[in-house]
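Some notes on the structure that comes next.
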Amino acid sequence: LAPGAAWPMKTWPIENWGQLIISLKKFNFVILGGPDDSFGSKLKLMAPNRVSDLTGKLNWSETAFIIQKSKATISADTGSLHFADIQGVKTIALMGPTAFGQPGGRNTSVLEIPMNCRPCTKDGRGKCSQQIYQKCMIEITPASVANKVLEITHDI
């Protein structure tokens with residue numbers, strides 16, 4: 001799992017990541033992120049025996065290696081997403097406000113909510129025009145992501 005992103009508007013709520021972990025009881029997870037990311041320890045608490053928190057512990061080469069060895073990657077719109085996409089790893093991309101950078105690999109599934117305001121930003125900076133902040137990300141449900149995980153992994 002790669003929950004983080006440089007800009008908050010591109011992130012999926014941490015609660016949703018937690019619900020996803022709890023719902024996929026047969027899976028083990030590795031949390032990837034940078035040294036400034038604080039979500040790893042929170043997500044590890046969701047299932048301590050099934051979650052490894054590697055946030056802030058790996059360089060980019062090591063992160064790419066972990067992604068390459070994974071059965072699947074679930075990622076916000078961030079560098080880890082593009083590593084997985086390029087390497088042909090089964091990937092679920094959670095896409096929200098950005099205007100470009102959509103992954104194009106045949107093993108990548110993009111989950112997004114069509115909205116007239118999208119894209120609202122080139123790279124995730126700026127303001128959300130919706131009454132509900134980050135509506136384009138919030139409406140991607142943990143259940144829809146879990147279903148996609150089961151579909152692409154065939155319930156490994």
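Ligands are numbered from 1 in the order shown, chains are lettered A, B, ... in the order of the structure tokens, and residues start at 1 in each chain.
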Non-local contacts of segment 141-144 of chain A (8 Å; only C-alpha atoms; under 3 positions in same chain excluded) as a VMD selection string: chain A and resid 16 to 17 19 to 20 138 147 to 148
Strand (DSSP E) call set, DSSP backbone run, segment 43-150 of chain A, as number ranges by chain: A: 51-53, 73-75, 91-94, 108-111
Requested write-out: N, CA, C and O atoms of the selected residues, as a compact mmCIF listing (two decimals), in the first residue's frame:
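The result, written out as selection-v5.txt:
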# COMPACT_ATOMS: atom_id res chain seq x y z
N VAL A 51 0.44 -6.38 8.91
CA VAL A 51 0.89 -5.11 8.33
C VAL A 51 2.33 -4.82 8.75
O VAL A 51 2.66 -4.85 9.93
N SER A 52 3.17 -4.57 7.76
CA SER A 52 4.55 -4.13 7.99
C SER A 52 4.65 -2.66 7.59
O SER A 52 4.28 -2.30 6.48
N ASP A 53 5.12 -1.85 8.49
CA ASP A 53 5.26 -0.42 8.25
C ASP A 53 6.68 -0.10 7.82
O ASP A 53 7.60 -0.14 8.63
N THR A 73 -0.21 -3.77 -5.92
CA THR A 73 0.04 -2.49 -5.28
C THR A 73 -1.24 -1.67 -5.34
O THR A 73 -1.90 -1.63 -6.37
N ILE A 74 -1.56 -1.04 -4.23
CA ILE A 74 -2.68 -0.10 -4.18
C ILE A 74 -2.06 1.23 -3.81
O ILE A 74 -1.36 1.32 -2.80
N SER A 75 -2.32 2.24 -4.62
CA SER A 75 -1.60 3.48 -4.43
C SER A 75 -2.43 4.70 -4.76
O SER A 75 -3.24 4.70 -5.68
N THR A 91 -1.86 -3.43 -10.24
CA THR A 91 -1.93 -2.18 -9.50
C THR A 91 -3.34 -1.61 -9.52
O THR A 91 -4.02 -1.68 -10.54
N ILE A 92 -3.72 -1.04 -8.39
CA ILE A 92 -4.95 -0.28 -8.31
C ILE A 92 -4.56 1.15 -8.01
O ILE A 92 -3.91 1.43 -6.99
N ALA A 93 -4.91 2.04 -8.92
CA ALA A 93 -4.59 3.47 -8.80
C ALA A 93 -5.83 4.21 -8.32
O ALA A 93 -6.88 4.15 -8.96
N LEU A 94 -5.71 4.90 -7.22
CA LEU A 94 -6.80 5.72 -6.68
C LEU A 94 -6.57 7.15 -7.15
O LEU A 94 -5.72 7.85 -6.62
N THR A 108 -2.77 -2.24 -14.66
CA THR A 108 -3.21 -1.20 -13.73
C THR A 108 -4.68 -0.89 -13.92
O THR A 108 -5.13 -0.64 -15.03
N SER A 109 -5.40 -0.95 -12.81
CA SER A 109 -6.82 -0.59 -12.79
C SER A 109 -6.94 0.77 -12.12
O SER A 109 -6.43 0.96 -11.02
N VAL A 110 -7.59 1.68 -12.80
CA VAL A 110 -7.79 3.01 -12.24
C VAL A 110 -9.18 3.08 -11.62
O VAL A 110 -10.19 2.79 -12.29
N LEU A 111 -9.23 3.45 -10.35
CA LEU A 111 -10.51 3.70 -9.69
C LEU A 111 -10.63 5.20 -9.52
O LEU A 111 -9.74 5.85 -8.96
Contacts of segment 77-82 of chain A at 9 Å (only C-alpha atoms; same-chain gap of 4+ positions) as a PDB file with all heavy atoms, in the first residue's frame:
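Result saved to result_18.pdb:
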ATOM      1  N   LEU A   1       0.846  -1.177   0.000  1.00  0.00           N
ATOM      2  CA  LEU A   1       0.000   0.000   0.000  1.00  0.00           C
ATOM      3  C   LEU A   1       0.886   1.232   0.000  1.00  0.00           C
ATOM      4  O   LEU A   1       1.856   1.303   0.750  1.00  0.00           O
ATOM      5  CB  LEU A   1      -0.890   0.030   1.242  1.00  0.00           C
ATOM      6  CG  LEU A   1      -1.766  -1.186   1.530  1.00  0.00           C
ATOM      7  CD1 LEU A   1      -2.564  -0.973   2.801  1.00  0.00           C
ATOM      8  CD2 LEU A   1      -2.667  -1.505   0.370  1.00  0.00           C
ATOM      9  N   ALA A   2       0.527   2.180  -0.838  1.00  0.00           N
ATOM     10  CA  ALA A   2       1.235   3.462  -0.893  1.00  0.00           C
ATOM     11  C   ALA A   2       0.211   4.580  -0.695  1.00  0.00           C
ATOM     12  O   ALA A   2      -0.289   5.160  -1.651  1.00  0.00           O
ATOM     13  CB  ALA A   2       1.976   3.607  -2.219  1.00  0.00           C
ATOM     14  N   PRO A   3      -0.138   4.861   0.559  1.00  0.00           N
ATOM     15  CA  PRO A   3      -1.211   5.815   0.851  1.00  0.00           C
ATOM     16  C   PRO A   3      -0.872   7.284   0.651  1.00  0.00           C
ATOM     17  O   PRO A   3      -1.770   8.097   0.478  1.00  0.00           O
ATOM     18  CB  PRO A   3      -1.522   5.574   2.327  1.00  0.00           C
ATOM     19  CG  PRO A   3      -0.913   4.270   2.660  1.00  0.00           C
ATOM     20  CD  PRO A   3       0.271   4.139   1.743  1.00  0.00           C
ATOM     21  N   GLY A   4       0.374   7.649   0.698  1.00  0.00           N
ATOM     22  CA  GLY A   4       0.748   9.053   0.700  1.00  0.00           C
ATOM     23  C   GLY A   4       0.818   9.680  -0.672  1.00  0.00           C
ATOM     24  O   GLY A   4       0.750   9.014  -1.695  1.00  0.00           O
ATOM     25  N   ALA A   5       0.953  10.972  -0.681  1.00  0.00           N
ATOM     26  CA  ALA A   5       1.158  11.759  -1.900  1.00  0.00           C
ATOM     27  C   ALA A   5       1.730  13.104  -1.456  1.00  0.00           C
ATOM     28  O   ALA A   5       1.572  13.508  -0.300  1.00  0.00           O
ATOM     29  CB  ALA A   5      -0.140  11.953  -2.670  1.00  0.00           C
ATOM     30  N   ALA A   6       2.391  13.761  -2.381  1.00  0.00           N
ATOM     31  CA  ALA A   6       3.002  15.047  -2.052  1.00  0.00           C
ATOM     32  C   ALA A   6       1.962  16.087  -1.633  1.00  0.00           C
ATOM     33  O   ALA A   6       2.239  16.954  -0.814  1.00  0.00           O
ATOM     34  CB  ALA A   6       3.812  15.562  -3.235  1.00  0.00           C
ATOM     35  N   LYS A  10      -4.584  14.594  -3.186  1.00  0.00           N
ATOM     36  CA  LYS A  10      -4.427  13.351  -3.943  1.00  0.00           C
ATOM     37  C   LYS A  10      -4.509  12.112  -3.055  1.00  0.00           C
ATOM     38  O   LYS A  10      -4.423  11.000  -3.553  1.00  0.00           O
ATOM     39  CB  LYS A  10      -3.085  13.343  -4.689  1.00  0.00           C
ATOM     40  CG  LYS A  10      -2.951  14.436  -5.710  1.00  0.00           C
ATOM     41  CD  LYS A  10      -1.804  14.264  -6.664  1.00  0.00           C
ATOM     42  CE  LYS A  10      -0.478  13.964  -6.088  1.00  0.00           C
ATOM     43  NZ  LYS A  10       0.592  13.883  -7.095  1.00  0.00           N
ATOM     44  N   THR A  11      -4.661  12.299  -1.765  1.00  0.00           N
ATOM     45  CA  THR A  11      -4.656  11.152  -0.855  1.00  0.00           C
ATOM     46  C   THR A  11      -6.062  10.647  -0.578  1.00  0.00           C
ATOM     47  O   THR A  11      -7.030  11.396  -0.562  1.00  0.00           O
ATOM     48  CB  THR A  11      -3.980  11.497   0.480  1.00  0.00           C
ATOM     49  OG1 THR A  11      -4.700  12.558   1.109  1.00  0.00           O
ATOM     50  CG2 THR A  11      -2.529  11.889   0.272  1.00  0.00           C
ATOM     51  N   LEU A  32       4.149   1.616   2.363  1.00  0.00           N
ATOM     52  CA  LEU A  32       5.271   2.370   1.813  1.00  0.00           C
ATOM     53  C   LEU A  32       5.007   3.862   1.926  1.00  0.00           C
ATOM     54  O   LEU A  32       3.865   4.299   1.770  1.00  0.00           O
ATOM     55  CB  LEU A  32       5.467   2.001   0.338  1.00  0.00           C
ATOM     56  CG  LEU A  32       5.762   0.528   0.058  1.00  0.00           C
ATOM     57  CD1 LEU A  32       5.738   0.259  -1.440  1.00  0.00           C
ATOM     58  CD2 LEU A  32       7.091   0.126   0.660  1.00  0.00           C
ATOM     59  N   GLY A  33       6.040   4.603   2.182  1.00  0.00           N
ATOM     60  CA  GLY A  33       5.904   6.051   2.267  1.00  0.00           C
ATOM     61  C   GLY A  33       7.229   6.679   2.620  1.00  0.00           C
ATOM     62  O   GLY A  33       8.213   5.990   2.925  1.00  0.00           O
ATOM     63  N   TRP A  60      14.358   5.075  -2.774  1.00  0.00           N
ATOM     64  CA  TRP A  60      13.512   4.808  -3.947  1.00  0.00           C
ATOM     65  C   TRP A  60      13.818   3.455  -4.590  1.00  0.00           C
ATOM     66  O   TRP A  60      12.917   2.748  -5.031  1.00  0.00           O
ATOM     67  CB  TRP A  60      13.648   5.922  -4.976  1.00  0.00           C
ATOM     68  CG  TRP A  60      12.770   7.095  -4.679  1.00  0.00           C
ATOM     69  CD1 TRP A  60      13.172   8.353  -4.350  1.00  0.00           C
ATOM     70  CD2 TRP A  60      11.339   7.140  -4.676  1.00  0.00           C
ATOM     71  NE1 TRP A  60      12.085   9.166  -4.140  1.00  0.00           N
ATOM     72  CE2 TRP A  60      10.941   8.445  -4.329  1.00  0.00           C
ATOM     73  CE3 TRP A  60      10.345   6.193  -4.917  1.00  0.00           C
ATOM     74  CZ2 TRP A  60       9.611   8.833  -4.229  1.00  0.00           C
ATOM     75  CZ3 TRP A  60       9.014   6.582  -4.811  1.00  0.00           C
ATOM     76  CH2 TRP A  60       8.663   7.886  -4.468  1.00  0.00           C
ATOM     77  N   THR A  63      12.239   0.805  -2.453  1.00  0.00           N
ATOM     78  CA  THR A  63      10.783   0.868  -2.629  1.00  0.00           C
ATOM     79  C   THR A  63      10.380   0.192  -3.926  1.00  0.00           C
ATOM     80  O   THR A  63       9.437  -0.616  -3.954  1.00  0.00           O
ATOM     81  CB  THR A  63      10.308   2.338  -2.610  1.00  0.00           C
ATOM     82  OG1 THR A  63      10.610   2.893  -1.326  1.00  0.00           O
ATOM     83  CG2 THR A  63       8.823   2.451  -2.881  1.00  0.00           C
ATOM     84  N   ALA A  64      11.090   0.486  -5.004  1.00  0.00           N
ATOM     85  CA  ALA A  64      10.792  -0.135  -6.302  1.00  0.00           C
ATOM     86  C   ALA A  64      10.957  -1.650  -6.225  1.00  0.00           C
ATOM     87  O   ALA A  64      10.160  -2.402  -6.812  1.00  0.00           O
ATOM     88  CB  ALA A  64      11.690   0.445  -7.392  1.00  0.00           C
ATOM     89  N   ILE A  67       7.957  -3.149  -4.393  1.00  0.00           N
ATOM     90  CA  ILE A  67       6.806  -3.125  -5.301  1.00  0.00           C
ATOM     91  C   ILE A  67       6.923  -4.234  -6.329  1.00  0.00           C
ATOM     92  O   ILE A  67       5.951  -4.946  -6.602  1.00  0.00           O
ATOM     93  CB  ILE A  67       6.674  -1.737  -5.961  1.00  0.00           C
ATOM     94  CG1 ILE A  67       6.228  -0.708  -4.917  1.00  0.00           C
ATOM     95  CG2 ILE A  67       5.710  -1.782  -7.143  1.00  0.00           C
ATOM     96  CD1 ILE A  67       6.321   0.718  -5.381  1.00  0.00           C
ATOM     97  N   THR A  73      -0.209  -3.774  -5.918  1.00  0.00           N
ATOM     98  CA  THR A  73       0.039  -2.487  -5.279  1.00  0.00           C
ATOM     99  C   THR A  73      -1.241  -1.670  -5.340  1.00  0.00           C
ATOM    100  O   THR A  73      -1.904  -1.635  -6.374  1.00  0.00           O
ATOM    101  CB  THR A  73       1.168  -1.727  -6.007  1.00  0.00           C
ATOM    102  OG1 THR A  73       2.364  -2.498  -5.909  1.00  0.00           O
ATOM    103  CG2 THR A  73       1.405  -0.366  -5.408  1.00  0.00           C
ATOM    104  N   ILE A  86       4.919   0.834 -14.261  1.00  0.00           N
ATOM    105  CA  ILE A  86       6.016   0.593 -15.205  1.00  0.00           C
ATOM    106  C   ILE A  86       6.529  -0.838 -15.105  1.00  0.00           C
ATOM    107  O   ILE A  86       6.877  -1.457 -16.107  1.00  0.00           O
ATOM    108  CB  ILE A  86       7.160   1.606 -14.966  1.00  0.00           C
ATOM    109  CG1 ILE A  86       6.733   2.997 -15.414  1.00  0.00           C
ATOM    110  CG2 ILE A  86       8.438   1.179 -15.673  1.00  0.00           C
ATOM    111  CD1 ILE A  86       7.645   4.106 -14.942  1.00  0.00           C
ATOM    112  N   GLN A  87       6.543  -1.386 -13.881  1.00  0.00           N
ATOM    113  CA  GLN A  87       7.055  -2.739 -13.686  1.00  0.00           C
ATOM    114  C   GLN A  87       6.033  -3.816 -14.038  1.00  0.00           C
ATOM    115  O   GLN A  87       6.347  -4.999 -13.989  1.00  0.00           O
ATOM    116  CB  GLN A  87       7.510  -2.917 -12.225  1.00  0.00           C
ATOM    117  CG  GLN A  87       8.714  -2.057 -11.887  1.00  0.00           C
ATOM    118  CD  GLN A  87       9.186  -2.276 -10.475  1.00  0.00           C
ATOM    119  OE1 GLN A  87       9.952  -3.200 -10.231  1.00  0.00           O
ATOM    120  NE2 GLN A  87       8.730  -1.450  -9.549  1.00  0.00           N
ATOM    121  N   THR A  91      -1.855  -3.430 -10.238  1.00  0.00           N
ATOM    122  CA  THR A  91      -1.929  -2.183  -9.497  1.00  0.00           C
ATOM    123  C   THR A  91      -3.335  -1.608  -9.523  1.00  0.00           C
ATOM    124  O   THR A  91      -4.024  -1.684 -10.536  1.00  0.00           O
ATOM    125  CB  THR A  91      -0.951  -1.144 -10.104  1.00  0.00           C
ATOM    126  OG1 THR A  91       0.360  -1.704 -10.095  1.00  0.00           O
ATOM    127  CG2 THR A  91      -0.954   0.153  -9.333  1.00  0.00           C
ATOM    128  N   ILE A  92      -3.715  -1.042  -8.395  1.00  0.00           N
ATOM    129  CA  ILE A  92      -4.953  -0.278  -8.306  1.00  0.00           C
ATOM    130  C   ILE A  92      -4.556   1.152  -8.006  1.00  0.00           C
ATOM    131  O   ILE A  92      -3.913   1.433  -6.986  1.00  0.00           O
ATOM    132  CB  ILE A  92      -5.886  -0.827  -7.215  1.00  0.00           C
ATOM    133  CG1 ILE A  92      -6.269  -2.273  -7.531  1.00  0.00           C
ATOM    134  CG2 ILE A  92      -7.130   0.058  -7.072  1.00  0.00           C
ATOM    135  CD1 ILE A  92      -7.001  -2.979  -6.414  1.00  0.00           C
ATOM    136  N   ALA A  93      -4.914   2.045  -8.918  1.00  0.00           N
ATOM    137  CA  ALA A  93      -4.592   3.466  -8.799  1.00  0.00           C
ATOM    138  C   ALA A  93      -5.828   4.214  -8.323  1.00  0.00           C
ATOM    139  O   ALA A  93      -6.879   4.146  -8.964  1.00  0.00           O
ATOM    140  CB  ALA A  93      -4.143   4.005 -10.153  1.00  0.00           C
ATOM    141  N   LEU A  94      -5.706   4.903  -7.218  1.00  0.00           N
ATOM    142  CA  LEU A  94      -6.798   5.717  -6.676  1.00  0.00           C
ATOM    143  C   LEU A  94      -6.574   7.148  -7.149  1.00  0.00           C
ATOM    144  O   LEU A  94      -5.720   7.854  -6.622  1.00  0.00           O
ATOM    145  CB  LEU A  94      -6.816   5.629  -5.149  1.00  0.00           C
ATOM    146  CG  LEU A  94      -6.833   4.203  -4.578  1.00  0.00           C
ATOM    147  CD1 LEU A  94      -6.782   4.236  -3.058  1.00  0.00           C
ATOM    148  CD2 LEU A  94      -8.030   3.435  -5.076  1.00  0.00           C
ATOM    149  N   MET A  95      -7.325   7.530  -8.162  1.00  0.00           N
ATOM    150  CA  MET A  95      -7.093   8.813  -8.837  1.00  0.00           C
ATOM    151  C   MET A  95      -8.181   9.817  -8.491  1.00  0.00           C
ATOM    152  O   MET A  95      -9.364   9.491  -8.513  1.00  0.00           O
ATOM    153  CB  MET A  95      -7.035   8.609 -10.345  1.00  0.00           C
ATOM    154  CG  MET A  95      -5.949   7.643 -10.808  1.00  0.00           C
ATOM    155  SD  MET A  95      -4.281   8.112 -10.356  1.00  0.00           S
ATOM    156  CE  MET A  95      -4.029   9.502 -11.447  1.00  0.00           C
ATOM    157  N   GLY A  96      -7.751  11.039  -8.213  1.00  0.00           N
ATOM    158  CA  GLY A  96      -8.684  12.096  -7.848  1.00  0.00           C
ATOM    159  C   GLY A  96      -8.537  13.341  -8.675  1.00  0.00           C
ATOM    160  O   GLY A  96      -8.932  13.383  -9.828  1.00  0.00           O
ATOM    161  N   THR A  98      -6.030  15.239 -10.087  1.00  0.00           N
ATOM    162  CA  THR A  98      -4.967  15.669 -10.984  1.00  0.00           C
ATOM    163  C   THR A  98      -5.296  15.567 -12.460  1.00  0.00           C
ATOM    164  O   THR A  98      -6.101  14.754 -12.889  1.00  0.00           O
ATOM    165  CB  THR A  98      -3.661  14.914 -10.695  1.00  0.00           C
ATOM    166  OG1 THR A  98      -3.907  13.524 -10.736  1.00  0.00           O
ATOM    167  CG2 THR A  98      -3.113  15.285  -9.343  1.00  0.00           C
ATOM    168  N   GLY A 101      -0.734  12.335 -15.694  1.00  0.00           N
ATOM    169  CA  GLY A 101       0.023  11.339 -14.950  1.00  0.00           C
ATOM    170  C   GLY A 101      -0.744  10.064 -14.720  1.00  0.00           C
ATOM    171  O   GLY A 101      -0.355   9.246 -13.901  1.00  0.00           O
ATOM    172  N   GLN A 102      -1.850   9.891 -15.444  1.00  0.00           N
ATOM    173  CA  GLN A 102      -2.611   8.656 -15.302  1.00  0.00           C
ATOM    174  C   GLN A 102      -1.750   7.477 -15.727  1.00  0.00           C
ATOM    175  O   GLN A 102      -1.082   7.525 -16.745  1.00  0.00           O
ATOM    176  CB  GLN A 102      -3.870   8.705 -16.180  1.00  0.00           C
ATOM    177  CG  GLN A 102      -4.919   9.660 -15.706  1.00  0.00           C
ATOM    178  CD  GLN A 102      -5.986   8.987 -14.873  1.00  0.00           C
ATOM    179  OE1 GLN A 102      -6.064   7.776 -14.775  1.00  0.00           O
ATOM    180  NE2 GLN A 102      -6.820   9.795 -14.248  1.00  0.00           N
ATOM    181  N   PRO A 103      -1.750   6.402 -14.944  1.00  0.00           N
ATOM    182  CA  PRO A 103      -0.996   5.222 -15.333  1.00  0.00           C
ATOM    183  C   PRO A 103      -1.630   4.572 -16.559  1.00  0.00           C
ATOM    184  O   PRO A 103      -2.832   4.682 -16.768  1.00  0.00           O
ATOM    185  CB  PRO A 103      -1.098   4.325 -14.107  1.00  0.00           C
ATOM    186  CG  PRO A 103      -2.339   4.769 -13.418  1.00  0.00           C
ATOM    187  CD  PRO A 103      -2.481   6.229 -13.703  1.00  0.00           C
TER     188      PRO A 103
END
Backbone-only DSSP, helix (DSSP H, G or I) members of segment 29-146 of chain A, as a PyMOL selection string: chain A and resi 39-44+60-69+79-87+135-138+142-146
Nearby residues (only C-alpha atoms) at most 7 Å from Ile140 of chain A, same-chain spacing under 3 positions excluded, as a PyMOL selection string: chain A and resi 112-113+137+144
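One distance worth recording is that between atom CA of Val145 of chain A and atom CA of Asp37 of chain A, which is 21.9 Å.
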Arg50 of chain A surroundings by only C-alpha atoms, 7 Å radius, close-in-sequence under 3 positions cut, as a ChimeraX atom specification: /A:28-29,47
Atom pair atom CA of Gly34 of chain A / atom CA of Thr55 of chain A: separation (Å): 5.5 Å
